[in-house]
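Here's the structure we're looking at; comments come further down.
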Amino acid sequence: MGRIRPIDDLRSAVIVLVVAHHAALAYIRHAHHDPAHYIRSTAPVVDPDRWWPLDVLVSWNDQFFMALLFLLSGLFVLPALRRKGVRRFLLERGQRLGLPFLVAAGLLSPLAFYPSWLMGGQKDGLPFWQRYYGIDGWSPGPAWFLWLLLAFSLGVALAYALAPARLRRWSWQPRSSGRLMAVCLAASWIASGAMARVVGANHWFTLVGPMSAQTSRLLLYAAWFLLGVALGAGNLEEALSLTLLRPWRHWAVVGALAYLLTVVLQAQPAGLAAQPPFSLRLALAFSSAACATFTILAALGFARRHLGTPSRLAESLRQNSYGIFLLHYPLVTWSQFVLLGAPLPAALKFLVSFGVALSGSWLLTILLRRTPVGRVI
């Protein structure tokens, strides 16, 4: 399918960032645990010890890394549809995304949240498993990405079924770095601005059962997925060439400045507090979208310039990154739970939980890939 090794390495790096993000959530300064409603806590496990650099890691990650993952996931959608046809594509997507979502949301996510329930000391009434799927709200954990990606893929497959001739010829080949940046930034601003009129930044919706997602970023994720579909529909090597991505260092600087502006707007200083709520939401949506756009483009350029060197470690991570994404969450929360009260600094606790989750899920994936489960992960 014309895969590009640096892009695959970038996908692996984003998965590692996902693990680090979840490992850090227990130790950020604004983390809080609600013992009466554990599912409403900022993270399943919250430690009294905090380390402020993790606030930067979490907040910056949050601006771009899931949109980048949707972009990377969209790159090979149209080539797969053209080669396999709609029916086979949907069957394989159901197996690759639907089945893991059911397992992750139905088993792995409650396993990850069980320490949070234990922290609340709620031993009376219904057992945890009955409460989790009903009264407490069925959180899918990180698996929300899978069902939403499946929904986006179904949408593209439907469009392809209705107009196969048009989509067979459809692709986007940016003519310059400026045009690539402008289109991506415009798509991000339109998507984020449209949602800012409707909901706040932290609003989530639930379709049914564990099928939930962040409402304010729904169009942003769809936009980046479709950008990936368009870029991957033609010559991917040219669409994401190092020549087009050459300004990646400048984009990284602009992304950092946009992140700082986003932090300022989120803090709502006195000078901005008197503005109408929608004005502040719109400004925050635009700054966040700019941070996402320039950081994603910088990440792509960095990958084309510095990633892709063959090595056994990198190849193992490429092969097992999907399994790491699926399996890491319970390992993160149980590691954090075990470390509660340990006389260790928060930085060390983070490194331990991150290391245990990454290495443990990596090893489990390697073992599972030697079984029939390997056909899925």
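Identifiers for the structure tokens are assigned positionally: chains receive A, B, ... in sequence, residues are indexed from 1 per chain, and ligands are indexed from 1 in the order shown.
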Neighbours of Ile296 in chain A within 10 Å (only C-alpha atoms; same-chain residues fewer than 4 positions away dropped), as a list in words?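 The residues satisfying every condition are Gln63, Phe64, Phe65, Ala67, Leu68, Leu69, Leu71, Cys184, Trp224, Trp248, Trp251, Ala252, Gly255, Ala290, Cys291, Ala292, Leu300, Gly301 and Phe302 of chain A.
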Can you check which parts of range 171-279 of chain A lie within 10 Å of range 3-12 of chain A? Per residue, the shortest pair of atoms and distance in Å to one decimal, counting only C-alpha atoms, sorted by chain and number, as CSV.
```
residue,atom,partner,partner_atom,distance
A:Gly232,CA,A:Arg3,CA,9.9
A:Leu236,CA,A:Ile4,CA,8.1
A:Glu237,CA,A:Ile4,CA,7.2
A:Leu240,CA,A:Ile7,CA,9.1
```
Go ahead and dump the residues you just picked, C-alpha atoms, as a PDB file, in the first residue's frame.
```
ATOM      1  CA  GLY A 232      -3.418   9.304   1.117  1.00  0.00           C
ATOM      2  CA  LEU A 236       1.469   9.662  -0.428  1.00  0.00           C
ATOM      3  CA  GLU A 237       5.230   9.948  -0.858  1.00  0.00           C
ATOM      4  CA  LEU A 240       3.863  14.225   2.589  1.00  0.00           C
TER       5      LEU A 240
END
```
Taking 6 positions as the minimum chain separation for residues in the same chain, which residues sit within 12 Å of Leu99 in chain A when counting only C-alpha atoms? Answer as a PyMOL selection string. chain A and resi 91-93+105-107+143+146-147+150+326+373+375-377
Excluding same-chain residues fewer than 5 positions from Arg50 in chain A, what lies within 7 Å of it counting only C-alpha atoms, as a list of chain:residue names?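 Using only C-alpha atoms, the neighbours found are A:Tyr27, A:Ile28, A:Arg29, A:Ala346.
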Can you write out the residues you just picked, keeping all heavy atoms, as a CSV table (one decimal), in the first residue's frame?
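Written output follows (selection-v1.csv):
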```
chain,number,residue,atom,x,y,z
A,27,TYR,N,-0.8,12.6,38.3
A,27,TYR,CA,0.1,13.5,39.0
A,27,TYR,C,0.1,14.9,38.5
A,27,TYR,O,1.1,15.7,38.8
A,27,TYR,CB,1.5,12.9,38.8
A,27,TYR,CG,1.6,11.4,39.1
A,27,TYR,CD1,1.7,10.4,38.1
A,27,TYR,CD2,1.4,10.9,40.4
A,27,TYR,CE1,1.7,9.1,38.3
A,27,TYR,CE2,1.5,9.6,40.7
A,27,TYR,CZ,1.6,8.7,39.6
A,27,TYR,OH,1.6,7.3,39.9
A,28,ILE,N,-0.9,15.3,37.8
A,28,ILE,CA,-1.0,16.7,37.3
A,28,ILE,C,-1.7,17.6,38.4
A,28,ILE,O,-2.4,17.0,39.3
A,28,ILE,CB,-1.7,16.9,36.0
A,28,ILE,CG1,-3.1,16.3,36.1
A,28,ILE,CG2,-0.9,16.2,34.9
A,28,ILE,CD1,-3.9,16.4,34.8
A,29,ARG,N,-1.4,18.8,38.5
A,29,ARG,CA,-1.8,19.7,39.6
A,29,ARG,C,-3.3,19.8,39.7
A,29,ARG,O,-3.8,19.9,40.8
A,29,ARG,CB,-1.2,21.1,39.5
A,29,ARG,CG,0.3,21.1,39.8
A,29,ARG,CD,0.9,22.4,39.6
A,29,ARG,NE,0.8,22.9,38.2
A,29,ARG,CZ,1.2,24.1,37.9
A,29,ARG,NH1,1.8,25.0,38.7
A,29,ARG,NH2,1.1,24.5,36.6
A,346,ALA,N,6.6,12.3,42.7
A,346,ALA,CA,5.6,12.1,41.7
A,346,ALA,C,6.3,11.8,40.3
A,346,ALA,O,5.8,11.0,39.6
A,346,ALA,CB,4.7,13.4,41.5
```
Based on the backbone DSSP call, show me all residues of range 192-349 of chain A assigned alpha helix (DSSP H), as a ChimeraX atom specification. /A:192-196,218-232,236-239,248-267,270-273,277-306,312-339,346-349
Contacts between range 199-223 of chain A and range 279-345 of chain A, please, where a residue of range 279-345 of chain A counts if it comes within 12 Å (with only C-alpha atoms); show its shortest atom pair and distance in Å to one decimal, rows by chain and ascending number, as JSON lines.
```
{"residue": "A:Ser279", "atom": "CA", "partner": "A:Gly200", "partner_atom": "CA", "distance": 11.6}
{"residue": "A:Leu280", "atom": "CA", "partner": "A:Gly200", "partner_atom": "CA", "distance": 10.2}
{"residue": "A:Arg281", "atom": "CA", "partner": "A:Gly200", "partner_atom": "CA", "distance": 6.9}
{"residue": "A:Leu282", "atom": "CA", "partner": "A:Gly200", "partner_atom": "CA", "distance": 9.7}
{"residue": "A:Ala283", "atom": "CA", "partner": "A:Ala201", "partner_atom": "CA", "distance": 11.5}
{"residue": "A:Leu284", "atom": "CA", "partner": "A:Ala201", "partner_atom": "CA", "distance": 8.6}
{"residue": "A:Ala285", "atom": "CA", "partner": "A:Ala201", "partner_atom": "CA", "distance": 7.9}
{"residue": "A:Phe286", "atom": "CA", "partner": "A:Leu220", "partner_atom": "CA", "distance": 11.2}
{"residue": "A:Ser288", "atom": "CA", "partner": "A:Ala201", "partner_atom": "CA", "distance": 10.1}
{"residue": "A:Ala289", "atom": "CA", "partner": "A:Leu220", "partner_atom": "CA", "distance": 8.1}
{"residue": "A:Ala290", "atom": "CA", "partner": "A:Leu220", "partner_atom": "CA", "distance": 11.4}
{"residue": "A:Ala292", "atom": "CA", "partner": "A:Leu220", "partner_atom": "CA", "distance": 9.7}
{"residue": "A:Thr293", "atom": "CA", "partner": "A:Leu220", "partner_atom": "CA", "distance": 10.3}
```
Applying 9 Å and only C-alpha atoms, which residues near Leu180 in chain A remain after dropping the ones on its own chain fewer than 5 positions away? List them as a list in words.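 Final neighbour list, sorted by chain and number: Gln173, Pro174, Arg175, Leu185, Leu244, Leu245 and Leu297 of chain A.
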Now that the selection is made, can you save its residues with N, CA and C atoms as a tab-separated table (two decimals), in the first residue's frame?
```
chain	number	residue	atom	x	y	z
A	173	GLN	N	-3.14	16.72	-3.71
A	173	GLN	CA	-1.69	16.84	-3.75
A	173	GLN	C	-1.34	18.31	-3.53
A	174	PRO	N	-0.96	18.71	-2.31
A	174	PRO	CA	-0.63	20.12	-2.05
A	174	PRO	C	0.50	20.59	-2.97
A	175	ARG	N	0.34	21.79	-3.52
A	175	ARG	CA	1.33	22.31	-4.46
A	175	ARG	C	2.48	23.03	-3.77
A	185	LEU	N	-5.00	24.52	8.35
A	185	LEU	CA	-5.39	25.51	9.35
A	185	LEU	C	-6.84	25.94	9.16
A	244	LEU	N	7.72	19.43	0.96
A	244	LEU	CA	6.53	20.16	1.41
A	244	LEU	C	6.57	20.44	2.91
A	245	LEU	N	7.19	19.54	3.66
A	245	LEU	CA	7.22	19.67	5.12
A	245	LEU	C	8.49	20.35	5.61
A	297	LEU	N	1.74	19.38	11.74
A	297	LEU	CA	2.59	19.53	10.56
A	297	LEU	C	4.07	19.46	10.94
```
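Rounded to one decimal, CA of Pro247 in chain A and CA of Leu231 in chain A lie 18.2 Å from each other.
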In Å to one decimal, how far is CA of Gly360 in chain A from CA of His328 in chain A?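 Taking CA of His328 in chain A and CA of Gly360 in chain A, their separation equals 7.5 Å.
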Between A:Arg370, A:Arg96, A:Arg169, A:Arg179, single out the one closest to Leu149 in chain A, counting only C-alpha atoms.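 Selected residue with least distance to Leu149 in chain A: A:Arg96.
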Within range 67-305 of chain A, find each residue whose DSSP state, derived from the backbone, is strand (DSSP E), and express the selection as a list in words. Trp204, Phe205, Thr206, Leu207, Val208, Met211, Ser212, Ala213 and Gln214 of chain A
Which of these, A:Ala159, A:Leu340, A:Val86, A:Ile324, has the shortest distance to Met119 in chain A once you count only C-alpha atoms?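 So, comparing all the options, the nearest one is A:Leu340.
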To one decimal place in Å, what is the distance between CA of Ala357 in chain A and CA of Pro343 in chain A?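 Distance between the two atoms: 20.5 Å.
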